[in-house]
>>> print(open('final14.pdb').read())   # PDB, C-alpha atoms and all ligand atoms
ATOM      1  CA  MET R 146      89.726 -39.676  22.677
ATOM      2  CA  ASP R 147      90.793 -43.035  21.319
ATOM      3  CA  SER R 148      88.657 -44.708  23.985
ATOM      4  CA  ASP R 149      90.081 -48.229  23.719
ATOM      5  CA  ARG R 150      93.669 -47.124  23.924
ATOM      6  CA  LEU R 151      93.488 -43.969  25.985
ATOM      7  CA  GLU R 152      90.701 -44.349  28.554
ATOM      8  CA  GLN R 153      92.337 -43.192  31.764
ATOM      9  CA  THR R 154      91.595 -42.962  35.452
ATOM     10  CA  LEU R 155      93.323 -41.332  38.402
ATOM     11  CA  VAL R 156      94.067 -43.795  41.190
ATOM     12  CA  LEU R 157      95.243 -42.518  44.563
ATOM     13  CA  ILE R 158      96.691 -44.863  47.133
ATOM     14  CA  LYS R 159      95.746 -42.875  50.232
ATOM     15  CA  PRO R 160      97.752 -42.389  53.472
ATOM     16  CA  ASP R 161      95.851 -45.119  55.367
ATOM     17  CA  ALA R 162      96.845 -47.650  52.690
ATOM     18  CA  LEU R 163     100.503 -46.640  53.008
ATOM     19  CA  LYS R 164     100.379 -46.735  56.797
ATOM     20  CA  ASN R 165      98.731 -50.166  56.835
ATOM     21  CA  SER R 166     101.112 -51.555  54.219
ATOM     22  CA  VAL R 167      98.462 -52.588  51.723
ATOM     23  CA  THR R 168     100.253 -50.703  48.934
ATOM     24  CA  GLY R 169     101.621 -53.895  47.391
ATOM     25  CA  PHE R 170      98.227 -55.571  47.514
ATOM     26  CA  ILE R 171      96.608 -52.627  45.709
ATOM     27  CA  LEU R 172      99.368 -52.408  43.102
ATOM     28  CA  SER R 173      99.170 -56.114  42.360
ATOM     29  CA  GLN R 174      95.388 -55.805  41.928
ATOM     30  CA  LEU R 175      96.230 -53.163  39.326
ATOM     31  CA  SER R 176      98.546 -55.429  37.350
ATOM     32  CA  GLU R 177      97.998 -55.766  33.629
ATOM     33  CA  PHE R 178      97.353 -59.467  34.178
ATOM     34  CA  HIS R 179      94.314 -58.710  36.368
ATOM     35  CA  THR R 180      92.872 -55.708  34.540
ATOM     36  CA  GLY R 181      94.253 -55.598  30.997
ATOM     37  CA  SER R 182      95.325 -52.009  31.739
ATOM     38  CA  ARG R 183      98.663 -50.254  32.218
ATOM     39  CA  PHE R 184     100.427 -47.703  34.407
ATOM     40  CA  ALA R 185     100.918 -44.444  32.490
ATOM     41  CA  ALA R 186     102.365 -42.345  35.330
ATOM     42  CA  ALA R 187     103.039 -42.546  39.049
ATOM     43  CA  LYS R 188     104.422 -40.283  41.743
ATOM     44  CA  ILE R 189     104.717 -39.884  45.487
ATOM     45  CA  VAL R 190     102.910 -36.719  46.552
ATOM     46  CA  ASN R 191     103.053 -34.785  49.798
ATOM     47  CA  VAL R 192      99.569 -33.308  49.290
ATOM     48  CA  ASN R 193      99.358 -29.533  49.664
ATOM     49  CA  ARG R 194      96.201 -27.825  50.939
ATOM     50  CA  LEU R 195      95.490 -26.233  47.545
ATOM     51  CA  LEU R 196      95.603 -29.642  45.839
ATOM     52  CA  ALA R 197      93.410 -31.256  48.517
ATOM     53  CA  GLU R 198      90.851 -28.444  48.236
ATOM     54  CA  GLU R 199      90.733 -28.653  44.458
ATOM     55  CA  HIS R 200      90.525 -32.434  44.436
ATOM     56  CA  TYR R 201      87.588 -32.443  46.874
ATOM     57  CA  ALA R 202      85.995 -29.156  45.699
ATOM     58  CA  GLU R 203      82.570 -30.807  45.345
ATOM     59  CA  HIS R 204      82.504 -31.508  49.115
ATOM     60  CA  ARG R 205      83.431 -27.986  50.263
ATOM     61  CA  GLY R 206      81.190 -26.898  53.137
ATOM     62  CA  LYS R 207      80.060 -30.397  54.166
ATOM     63  CA  ALA R 208      80.466 -31.534  57.782
ATOM     64  CA  PHE R 209      83.173 -34.050  56.843
ATOM     65  CA  TYR R 210      85.123 -31.681  54.547
ATOM     66  CA  GLU R 211      87.917 -30.572  56.894
ATOM     67  CA  ALA R 212      88.419 -34.140  58.144
ATOM     68  CA  LEU R 213      88.581 -35.288  54.517
ATOM     69  CA  LEU R 214      91.316 -32.724  53.725
ATOM     70  CA  ASP R 215      93.305 -33.718  56.833
ATOM     71  CA  TYR R 216      92.974 -37.354  55.777
ATOM     72  CA  ILE R 217      94.195 -36.931  52.178
ATOM     73  CA  MET R 218      97.010 -34.621  53.378
ATOM     74  CA  GLY R 219      98.205 -37.445  55.660
ATOM     75  CA  LYS R 220      97.701 -35.460  58.865
ATOM     76  CA  VAL R 221      95.362 -38.061  60.329
ATOM     77  CA  HIS R 222      97.625 -41.073  59.871
ATOM     78  CA  TYR R 223     100.928 -39.276  60.452
ATOM     79  CA  PRO R 224     100.201 -36.516  63.002
ATOM     80  CA  GLN R 225     103.848 -36.350  64.132
ATOM     81  CA  ASP R 226     105.955 -37.710  61.272
ATOM     82  CA  ARG R 227     105.216 -35.011  58.690
ATOM     83  CA  TRP R 228     107.767 -36.513  56.313
ATOM     84  CA  LYS R 229     105.661 -39.678  56.024
ATOM     85  CA  ARG R 230     102.563 -37.824  54.782
ATOM     86  CA  ARG R 231     102.159 -39.101  51.246
ATOM     87  CA  VAL R 232      99.814 -40.546  48.691
ATOM     88  CA  ILE R 233     100.815 -42.498  45.604
ATOM     89  CA  ALA R 234      99.148 -40.940  42.576
ATOM     90  CA  ILE R 235      98.765 -43.070  39.468
ATOM     91  CA  VAL R 236      97.449 -42.532  35.956
ATOM     92  CA  TYR R 237      96.091 -45.876  34.893
ATOM     93  CA  LEU R 238      95.153 -46.533  31.285
ATOM     94  CA  GLY R 239      93.262 -49.142  29.314
ATOM     95  CA  PRO R 240      89.958 -50.264  27.840
ATOM     96  CA  ASP R 241      87.037 -49.766  30.265
ATOM     97  CA  VAL R 242      89.531 -48.862  32.989
ATOM     98  CA  LEU R 243      87.231 -46.419  34.828
ATOM     99  CA  LYS R 244      84.632 -49.088  35.531
ATOM    100  CA  THR R 245      87.195 -51.808  36.205
ATOM    101  CA  VAL R 246      88.988 -49.825  38.924
ATOM    102  CA  ARG R 247      85.792 -48.487  40.544
ATOM    103  CA  THR R 248      84.514 -52.068  40.782
ATOM    104  CA  MET R 249      87.816 -53.235  42.251
ATOM    105  CA  ALA R 250      87.724 -50.361  44.807
ATOM    106  CA  GLY R 251      84.112 -50.985  45.829
ATOM    107  CA  PRO R 252      81.594 -48.787  47.688
ATOM    108  CA  THR R 253      82.766 -45.481  49.236
ATOM    109  CA  ASN R 254      81.807 -46.536  52.766
ATOM    110  CA  PRO R 255      84.039 -49.393  54.001
ATOM    111  CA  HIS R 256      81.224 -50.842  56.180
ATOM    112  CA  LYS R 257      78.999 -51.057  53.124
ATOM    113  CA  ALA R 258      81.943 -52.410  51.125
ATOM    114  CA  ARG R 259      82.393 -55.287  53.611
ATOM    115  CA  GLU R 260      78.689 -56.114  53.581
ATOM    116  CA  GLU R 261      78.050 -55.821  49.878
ATOM    117  CA  ARG R 262      81.335 -56.636  48.165
ATOM    118  CA  PRO R 263      83.682 -58.615  50.400
ATOM    119  CA  GLY R 264      87.024 -58.880  48.624
ATOM    120  CA  CYS R 265      86.973 -55.348  47.190
ATOM    121  CA  ILE R 266      89.827 -53.038  48.281
ATOM    122  CA  ARG R 267      87.646 -50.724  50.401
ATOM    123  CA  ALA R 268      86.380 -53.711  52.414
ATOM    124  CA  LEU R 269      89.760 -53.361  54.161
ATOM    125  CA  GLY R 270      89.039 -49.729  55.128
ATOM    126  CA  THR R 271      87.479 -48.218  58.228
ATOM    127  CA  VAL R 272      84.932 -45.574  59.279
ATOM    128  CA  VAL R 273      85.925 -43.112  61.987
ATOM    129  CA  PRO R 274      83.456 -40.841  63.825
ATOM    130  CA  ILE R 275      84.055 -37.077  63.537
ATOM    131  CA  LEU R 276      83.333 -35.295  66.837
ATOM    132  CA  ASP R 277      82.775 -31.578  67.408
ATOM    133  CA  ALA R 278      84.482 -29.594  70.198
ATOM    134  CA  GLN R 279      81.841 -30.840  72.679
ATOM    135  CA  GLY R 280      82.431 -34.456  71.695
ATOM    136  CA  LYS R 281      79.145 -34.732  69.759
ATOM    137  CA  HIS R 282      79.167 -37.078  66.749
ATOM    138  CA  ILE R 283      78.668 -34.823  63.708
ATOM    139  CA  ASP R 284      79.672 -37.063  60.816
ATOM    140  CA  ASP R 285      82.054 -39.826  59.772
ATOM    141  CA  ARG R 286      85.408 -39.953  58.061
ATOM    142  CA  MET R 287      85.679 -42.744  55.552
ATOM    143  CA  ASP R 288      89.187 -44.119  55.468
ATOM    144  CA  ASN R 289      88.725 -46.060  52.265
ATOM    145  CA  LEU R 290      92.324 -46.620  51.106
ATOM    146  CA  VAL R 291      91.984 -45.693  47.442
ATOM    147  CA  HIS R 292      90.501 -43.123  45.141
ATOM    148  CA  ALA R 293      89.406 -43.906  41.606
ATOM    149  CA  SER R 294      87.881 -41.407  39.161
ATOM    150  CA  ALA R 295      84.115 -41.787  38.759
ATOM    151  CA  ASN R 296      83.778 -40.980  35.035
ATOM    152  CA  HIS R 297      85.625 -39.536  31.993
ATOM    153  CA  GLU R 298      84.966 -35.935  32.981
ATOM    154  CA  ASP R 299      86.271 -36.423  36.537
ATOM    155  CA  ALA R 300      89.268 -38.394  35.233
ATOM    156  CA  GLU R 301      90.291 -35.531  32.948
ATOM    157  CA  ARG R 302      89.870 -32.926  35.680
ATOM    158  CA  GLU R 303      91.734 -35.051  38.231
ATOM    159  CA  ILE R 304      94.601 -36.222  36.008
ATOM    160  CA  LYS R 305      95.236 -32.631  34.916
ATOM    161  CA  LEU R 306      95.070 -31.562  38.557
ATOM    162  CA  TRP R 307      97.708 -34.046  39.803
ATOM    163  CA  PHE R 308      99.974 -34.459  36.774
ATOM    164  CA  ILE R 309     101.815 -32.281  34.300
ATOM    165  CA  PRO R 310     102.200 -33.630  30.760
ATOM    166  CA  HIS R 311     105.910 -34.317  31.366
ATOM    167  CA  ASP R 312     104.944 -36.930  33.988
ATOM    168  CA  ILE R 313     103.256 -39.038  31.307
ATOM    169  CA  PRO R 314     104.978 -40.590  28.253
ATOM    170  CA  PRO R 315     103.801 -38.609  25.210
ATOM    171  CA  LEU R 316     102.046 -41.543  23.526
ATOM    172  CA  MET R 317     100.067 -42.226  26.731
ATOM    173  CA  ARG R 318      98.692 -38.680  27.102
ATOM    174  CA  ALA R 319      94.946 -38.442  26.528
ATOM    175  CA  TYR R 320      94.441 -34.673  26.594
ATOM    176  CA  PRO R 321      95.658 -31.882  24.306
ATOM    177  CA  THR R 322      98.877 -30.117  25.221
ATOM    178  CA  GLU R 323     100.536 -26.933  24.035
ATOM    179  CA  THR R 324     103.968 -25.400  24.365
ATOM    180  CA  CYS R 325     104.245 -22.420  26.675
ATOM    181  CA  ASP R 326     105.831 -19.291  25.182
ATOM    182  CA  THR R 327     106.267 -17.081  28.225
ATOM    183  CA  HIS R 328     107.280 -17.169  31.896
ATOM    184  CA  TYR R 329     104.779 -17.563  34.724
ATOM    185  CA  TYR R 330     105.486 -17.040  38.424
ATOM    186  CA  TYR R 331     103.111 -17.424  41.379
ATOM    187  CA  LYS R 332     102.944 -15.692  44.738
ATOM    188  CA  GLN R 333     100.108 -15.630  47.297
ATOM    189  CA  GLY R 334      97.209 -16.196  44.909
ATOM    190  CA  ARG R 335      98.630 -13.984  42.152
ATOM    191  CA  LEU R 336     100.279 -14.660  38.830
ATOM    192  CA  TYR R 337     103.233 -12.754  37.391
ATOM    193  CA  GLU R 338     105.018 -12.874  34.052
ATOM    194  CA  THR R 339     108.260 -11.576  35.489
ATOM    195  CA  TYR R 340     110.048 -12.649  38.649
ATOM    196  CA  GLU R 341     108.833 -11.099  41.906
ATOM    197  CA  PRO R 342     110.815 -11.596  45.108
ATOM    198  CA  SER R 343     109.568 -14.770  46.898
ATOM    199  CA  SER R 344     107.479 -15.862  43.919
ATOM    200  CA  VAL R 345     107.577 -19.469  42.686
ATOM    201  CA  PHE R 346     108.537 -20.254  39.117
ATOM    202  CA  LEU R 347     105.753 -22.278  37.441
ATOM    203  CA  LEU R 348     106.463 -22.437  33.720
ATOM    204  CA  GLY R 349     108.764 -21.112  31.070
ATOM    205  CA  PRO R 350     109.006 -20.971  27.287
ATOM    206  CA  GLY R 351     109.235 -24.463  25.809
ATOM    207  CA  ASP R 352     107.428 -26.247  28.650
ATOM    208  CA  VAL R 353     104.682 -28.593  27.502
ATOM    209  CA  VAL R 354     101.459 -27.747  29.324
ATOM    210  CA  TRP R 355      97.852 -28.995  29.308
ATOM    211  CA  LYS R 356      96.172 -26.771  26.729
ATOM    212  CA  SER R 357      93.260 -26.068  29.092
ATOM    213  CA  ASP R 358      95.768 -24.841  31.730
ATOM    214  CA  LEU R 359      97.474 -22.576  29.249
ATOM    215  CA  ASP R 360      94.093 -21.104  28.271
ATOM    216  CA  ILE R 361      93.569 -20.170  31.937
ATOM    217  CA  LEU R 362      97.081 -18.721  32.293
ATOM    218  CA  ARG R 363      96.675 -16.753  29.060
ATOM    219  CA  SER R 364      93.514 -15.148  30.415
ATOM    220  CA  TYR R 365      95.836 -13.452  32.919
ATOM    221  CA  ARG R 366      96.211  -9.727  32.525
ATOM    222  CA  SER R 367      98.176  -7.608  34.920
ATOM    223  CA  ASP R 368      94.941  -5.734  35.743
ATOM    224  CA  ASN R 369      93.202  -9.084  36.485
ATOM    225  CA  PRO R 370      95.449 -10.598  39.144
ATOM    226  CA  ALA R 371      93.683 -13.956  39.612
ATOM    227  CA  PRO R 372      92.340 -15.627  36.478
ATOM    228  CA  SER R 373      89.465 -17.924  37.370
ATOM    229  CA  GLY R 374      90.594 -21.512  37.828
ATOM    230  CA  LEU R 375      94.141 -20.434  38.710
ATOM    231  CA  ASN R 376      94.342 -22.683  41.793
ATOM    232  CA  LYS R 377      93.768 -25.882  39.847
ATOM    233  CA  VAL R 378      96.594 -24.936  37.479
ATOM    234  CA  VAL R 379      99.009 -23.882  40.190
ATOM    235  CA  ALA R 380      98.405 -26.734  42.664
ATOM    236  CA  LYS R 381     100.273 -29.344  40.605
ATOM    237  CA  TYR R 382     103.269 -27.084  40.083
ATOM    238  CA  LEU R 383     103.549 -26.735  43.861
ATOM    239  CA  ILE R 384     103.607 -30.520  44.413
ATOM    240  CA  ASN R 385     106.656 -31.515  46.467
ATOM    241  CA  ARG R 386     108.159 -28.011  46.190
ATOM    242  CA  PHE R 387     107.797 -27.093  49.878
ATOM    243  CA  PRO R 388     107.228 -29.098  53.068
ATOM    244  CA  GLU R 389     103.523 -28.812  53.905
ATOM    245  CA  ASP R 390     102.265 -27.867  57.396
TER     246      ASP R 390
HETATM  247  P1  LIG Y   1      86.803 -41.244  45.896
HETATM  248  O1  LIG Y   1      87.262 -42.334  44.980
HETATM  249  O2  LIG Y   1      87.676 -41.050  47.114
HETATM  250  O3  LIG Y   1      86.493 -39.962  45.164
HETATM  251  O4  LIG Y   1      85.447 -41.778  46.507
HETATM  252  P2  LIG Y   1      84.041 -41.868  45.826
HETATM  253  O5  LIG Y   1      84.073 -41.428  44.392
HETATM  254  O6  LIG Y   1      83.527 -43.235  46.126
HETATM  255  O7  LIG Y   1      83.263 -40.816  46.666
HETATM  256  P3  LIG Y   1      83.110 -39.233  46.447
HETATM  257  O8  LIG Y   1      83.913 -38.764  45.299
HETATM  258  O9  LIG Y   1      81.657 -38.919  46.471
HETATM  259  O10 LIG Y   1      83.748 -38.676  47.789
HETATM  260  C1  LIG Y   1      85.131 -38.500  48.001
HETATM  261  C2  LIG Y   1      85.446 -38.884  49.429
HETATM  262  O11 LIG Y   1      84.660 -38.076  50.324
HETATM  263  C3  LIG Y   1      85.062 -40.329  49.774
HETATM  264  O12 LIG Y   1      86.123 -41.218  49.513
HETATM  265  C4  LIG Y   1      84.757 -40.236  51.251
HETATM  266  O13 LIG Y   1      85.974 -40.301  52.010
HETATM  267  C5  LIG Y   1      84.166 -38.846  51.401
HETATM  268  N1  LIG Y   1      82.704 -38.864  51.320
HETATM  269  C6  LIG Y   1      81.947 -38.812  50.208
HETATM  270  N2  LIG Y   1      80.630 -38.820  50.473
HETATM  271  C7  LIG Y   1      80.547 -38.874  51.819
HETATM  272  C8  LIG Y   1      79.437 -38.885  52.721
HETATM  273  O14 LIG Y   1      78.255 -38.856  52.338
HETATM  274  N3  LIG Y   1      79.736 -38.930  54.049
HETATM  275  C9  LIG Y   1      80.999 -38.945  54.512
HETATM  276  N4  LIG Y   1      81.177 -38.983  55.830
HETATM  277  N5  LIG Y   1      82.096 -38.944  53.694
HETATM  278  C10 LIG Y   1      81.865 -38.898  52.363
HETATM  279 MG    MG Y   2      84.906 -39.558  43.742
END
>>> encode(input="final14.pdb", output="structure tokens", more="lines below")
Ligand code: GTP
Ligand code: MG
Amino acid sequence: MDSDRLEQTLVLIKPDALKNSVTGFILSQLSEFHTGSRFAAAKIVNVNRLLAEEHYAEHRGKAFYEALLDYIMGKVHYPQDRWKRRVIAIVYLGPDVLKTVRTMAGPTNPHKAREERPGCIRALGTVVPILDAQGKHIDDRMDNLVHASANHEDAEREIKLWFIPHDIPPLMRAYPTETCDTHYYYKQGRLYETYEPSSVFLLGPGDVVWKSDLDILRSYRSDNPAPSGLNKVVAKYLINRFPED
């Protein structure tokens, strides 16, 4: 990677930030004037369960996991108004941008953020107890307003998880792409190369795709219905296709 020009990070403006109207504050913190970096892509996402699970895969099984998924899917902040459940997903690009945005965001826990780094974005967040069915305190949910990739490896995984190449201007793309030469459809955890009733069209010949995604799709054989890693490829093609529960 041309690290000066193409260092990238995924920034998510989470549902609590939208609900509390700190979106403008966060975006102005991300201005080129403040950081020397630039917006490469942005979209409003109604987060589907598959995307939430893939994004937070490292936390699967932890006590706060389900609460974390509900939070990023917007269910916590918009329990009734399903149409308001959104995050703003941004690819942000520039020299040393990973460190710059992590510093601006501050510590994961908003209480710690307020104590240690007043002025950081997460100092405006909150910590909410998670209770079990008996009302016992089992863990906490950290409503920390923003996500920022932790390192290059996470940034690549996350940007490819949330964005297709077409979302990003070609000269701002940091990862190899390839042109698809066949059709792919998806239905209930399975991949098809021809249309099945009720399947969802993912890709067709001529579409520009992350090369690593195409490698996964190409490992598909009709006798191997679910190539490993399929969910992380599919999740982004399902973004904003259907209303989520
Ligand atoms: P993100 O930018 O959101 O990825 O935060 P992070 O990189 O500072 O933290 P990490 O990737 O480890 O965790 C992702 C999210 O899971 C955090 O934003 C928290 O909401 C939650 N989380 C992570 N670690 C803990 C933990 O130890 N306890 C609790 N209760 N929540 C956690
Ligand atoms: Mg993280």
>>> residues_around(input="final14.pdb", residues="segment 335-350 of chain R", least_positions_apart="3", cutoff="6 Å", atoms="all atoms listed in the file", output="count of residues only")
10
>>> closest_atom_pairs(input="final14.pdb", of="segment 288-376 of chain R", to="segment 222-242 of chain R", cutoff="9 Å", atoms="only C-alpha atoms", output="tab-separated table")
residue	atom	partner	partner_atom	distance
R:Ile304	CA	R:Val236	CA	6.9
R:Trp307	CA	R:Ala234	CA	7.6
R:Phe308	CA	R:Val236	CA	8.5
R:Ile313	CA	R:Val236	CA	8.2
R:Met317	CA	R:Leu238	CA	8.0
>>> residues_near_ligand(input="final14.pdb", ligand="ligand LIG 1 (chain Y)", cutoff="6 Å", atoms="all atoms listed in the file", output="JSON, numbers by chain")
{"R": [209, 253, 284, 285, 286, 287, 292, 293, 294, 295]}
>>> write_last_selection(input="final14.pdb", atoms="C-alpha atoms", output="PDB file, in the coordinates of the input")
ATOM      1  CA  PHE R 209      83.173 -34.050  56.843  1.00  0.00           C
ATOM      2  CA  THR R 253      82.766 -45.481  49.236  1.00  0.00           C
ATOM      3  CA  ASP R 284      79.672 -37.063  60.816  1.00  0.00           C
ATOM      4  CA  ASP R 285      82.054 -39.826  59.772  1.00  0.00           C
ATOM      5  CA  ARG R 286      85.408 -39.953  58.061  1.00  0.00           C
ATOM      6  CA  MET R 287      85.679 -42.744  55.552  1.00  0.00           C
ATOM      7  CA  HIS R 292      90.501 -43.123  45.141  1.00  0.00           C
ATOM      8  CA  ALA R 293      89.406 -43.906  41.606  1.00  0.00           C
ATOM      9  CA  SER R 294      87.881 -41.407  39.161  1.00  0.00           C
ATOM     10  CA  ALA R 295      84.115 -41.787  38.759  1.00  0.00           C
TER      11      ALA R 295
END
>>> resolve_selection(input="final14.pdb", expression="the PyMOL selection byres (((not hetatm)) within 12 of (chain Y and resi 2))", output="list of chain:residue names")
R:Thr154, R:Leu155, R:Val156, R:Leu157, R:His200, R:Tyr201, R:Ala202, R:Glu203, R:His204, R:Leu243, R:Arg247, R:Ala250, R:Gly251, R:Pro252, R:Thr253, R:Asn254, R:Asn289, R:Val291, R:His292, R:Ala293, R:Ser294, R:Ala295, R:Asn296, R:His297, R:Glu298, R:Asp299, R:Ala300, R:Arg302, R:Glu303
>>> write_last_selection(input="final14.pdb", atoms="C-alpha atoms", output="tab-separated table (two decimals), keeping the file's coordinate frame")
chain	number	residue	atom	x	y	z
R	154	THR	CA	91.60	-42.96	35.45
R	155	LEU	CA	93.32	-41.33	38.40
R	156	VAL	CA	94.07	-43.80	41.19
R	157	LEU	CA	95.24	-42.52	44.56
R	200	HIS	CA	90.52	-32.43	44.44
R	201	TYR	CA	87.59	-32.44	46.87
R	202	ALA	CA	86.00	-29.16	45.70
R	203	GLU	CA	82.57	-30.81	45.34
R	204	HIS	CA	82.50	-31.51	49.12
R	243	LEU	CA	87.23	-46.42	34.83
R	247	ARG	CA	85.79	-48.49	40.54
R	250	ALA	CA	87.72	-50.36	44.81
R	251	GLY	CA	84.11	-50.98	45.83
R	252	PRO	CA	81.59	-48.79	47.69
R	253	THR	CA	82.77	-45.48	49.24
R	254	ASN	CA	81.81	-46.54	52.77
R	289	ASN	CA	88.72	-46.06	52.26
R	291	VAL	CA	91.98	-45.69	47.44
R	292	HIS	CA	90.50	-43.12	45.14
R	293	ALA	CA	89.41	-43.91	41.61
R	294	SER	CA	87.88	-41.41	39.16
R	295	ALA	CA	84.12	-41.79	38.76
R	296	ASN	CA	83.78	-40.98	35.03
R	297	HIS	CA	85.62	-39.54	31.99
R	298	GLU	CA	84.97	-35.94	32.98
R	299	ASP	CA	86.27	-36.42	36.54
R	300	ALA	CA	89.27	-38.39	35.23
R	302	ARG	CA	89.87	-32.93	35.68
R	303	GLU	CA	91.73	-35.05	38.23
>>> resolve_selection(input="final14.pdb", expression="the PyMOL selection byres (((chain R and resi 384) around 12) and not hetatm)", output="PyMOL selection string")
chain R and resi 188-197+218+231-232+234+306-309+345+347+377-383+385-389
>>> atom_distance(input="final14.pdb", atom1="atom CA of Gly270 of chain R", atom2="atom CA of Thr180 of chain R")
21.8 Å
>>> resolve_selection(input="final14.pdb", expression="the PyMOL selection byres (((chain R and resi 372) around 9) and not hetatm)", output="number ranges by chain")
R: 335-336, 361-366, 369-371, 373-375
>>> write_last_selection(input="final14.pdb", atoms="C-alpha atoms", output="PDB file, in the coordinates of the input")
ATOM      1  CA  ARG R 335      98.630 -13.984  42.152  1.00  0.00           C
ATOM      2  CA  LEU R 336     100.279 -14.660  38.830  1.00  0.00           C
ATOM      3  CA  ILE R 361      93.569 -20.170  31.937  1.00  0.00           C
ATOM      4  CA  LEU R 362      97.081 -18.721  32.293  1.00  0.00           C
ATOM      5  CA  ARG R 363      96.675 -16.753  29.060  1.00  0.00           C
ATOM      6  CA  SER R 364      93.514 -15.148  30.415  1.00  0.00           C
ATOM      7  CA  TYR R 365      95.836 -13.452  32.919  1.00  0.00           C
ATOM      8  CA  ARG R 366      96.211  -9.727  32.525  1.00  0.00           C
ATOM      9  CA  ASN R 369      93.202  -9.084  36.485  1.00  0.00           C
ATOM     10  CA  PRO R 370      95.449 -10.598  39.144  1.00  0.00           C
ATOM     11  CA  ALA R 371      93.683 -13.956  39.612  1.00  0.00           C
ATOM     12  CA  SER R 373      89.465 -17.924  37.370  1.00  0.00           C
ATOM     13  CA  GLY R 374      90.594 -21.512  37.828  1.00  0.00           C
ATOM     14  CA  LEU R 375      94.141 -20.434  38.710  1.00  0.00           C
TER      15      LEU R 375
END
>>> residues_around(input="final14.pdb", residues="segment 260-264 of chain R", least_positions_apart="3", cutoff="10 Å", atoms="all atoms listed in the file", output="short mmCIF file (atom, residue, chain, number, x, y, z; two decimals) with C-alpha atoms, in the frame of the given file")
data_model
loop_
_atom_site.label_atom_id
_atom_site.label_comp_id
_atom_site.auth_asym_id
_atom_site.auth_seq_id
_atom_site.Cartn_x
_atom_site.Cartn_y
_atom_site.Cartn_z
CA THR R 248 84.51 -52.07 40.78
CA MET R 249 87.82 -53.24 42.25
CA ALA R 250 87.72 -50.36 44.81
CA GLY R 251 84.11 -50.98 45.83
CA PRO R 252 81.59 -48.79 47.69
CA PRO R 255 84.04 -49.39 54.00
CA HIS R 256 81.22 -50.84 56.18
CA LYS R 257 79.00 -51.06 53.12
CA ARG R 267 87.65 -50.72 50.40
CA ALA R 268 86.38 -53.71 52.41
CA LEU R 269 89.76 -53.36 54.16
#
>>> closest_residue(input="final14.pdb", among="R:Thr271, R:Asn376, R:Ser176, R:Thr168", to="Gly334 of chain R", atoms="all atoms listed in the file")
R:Asn376
>>> atom_distance(input="final14.pdb", atom1="atom CA of Val354 of chain R", atom2="atom CA of Ser367 of chain R")
21.2 Å
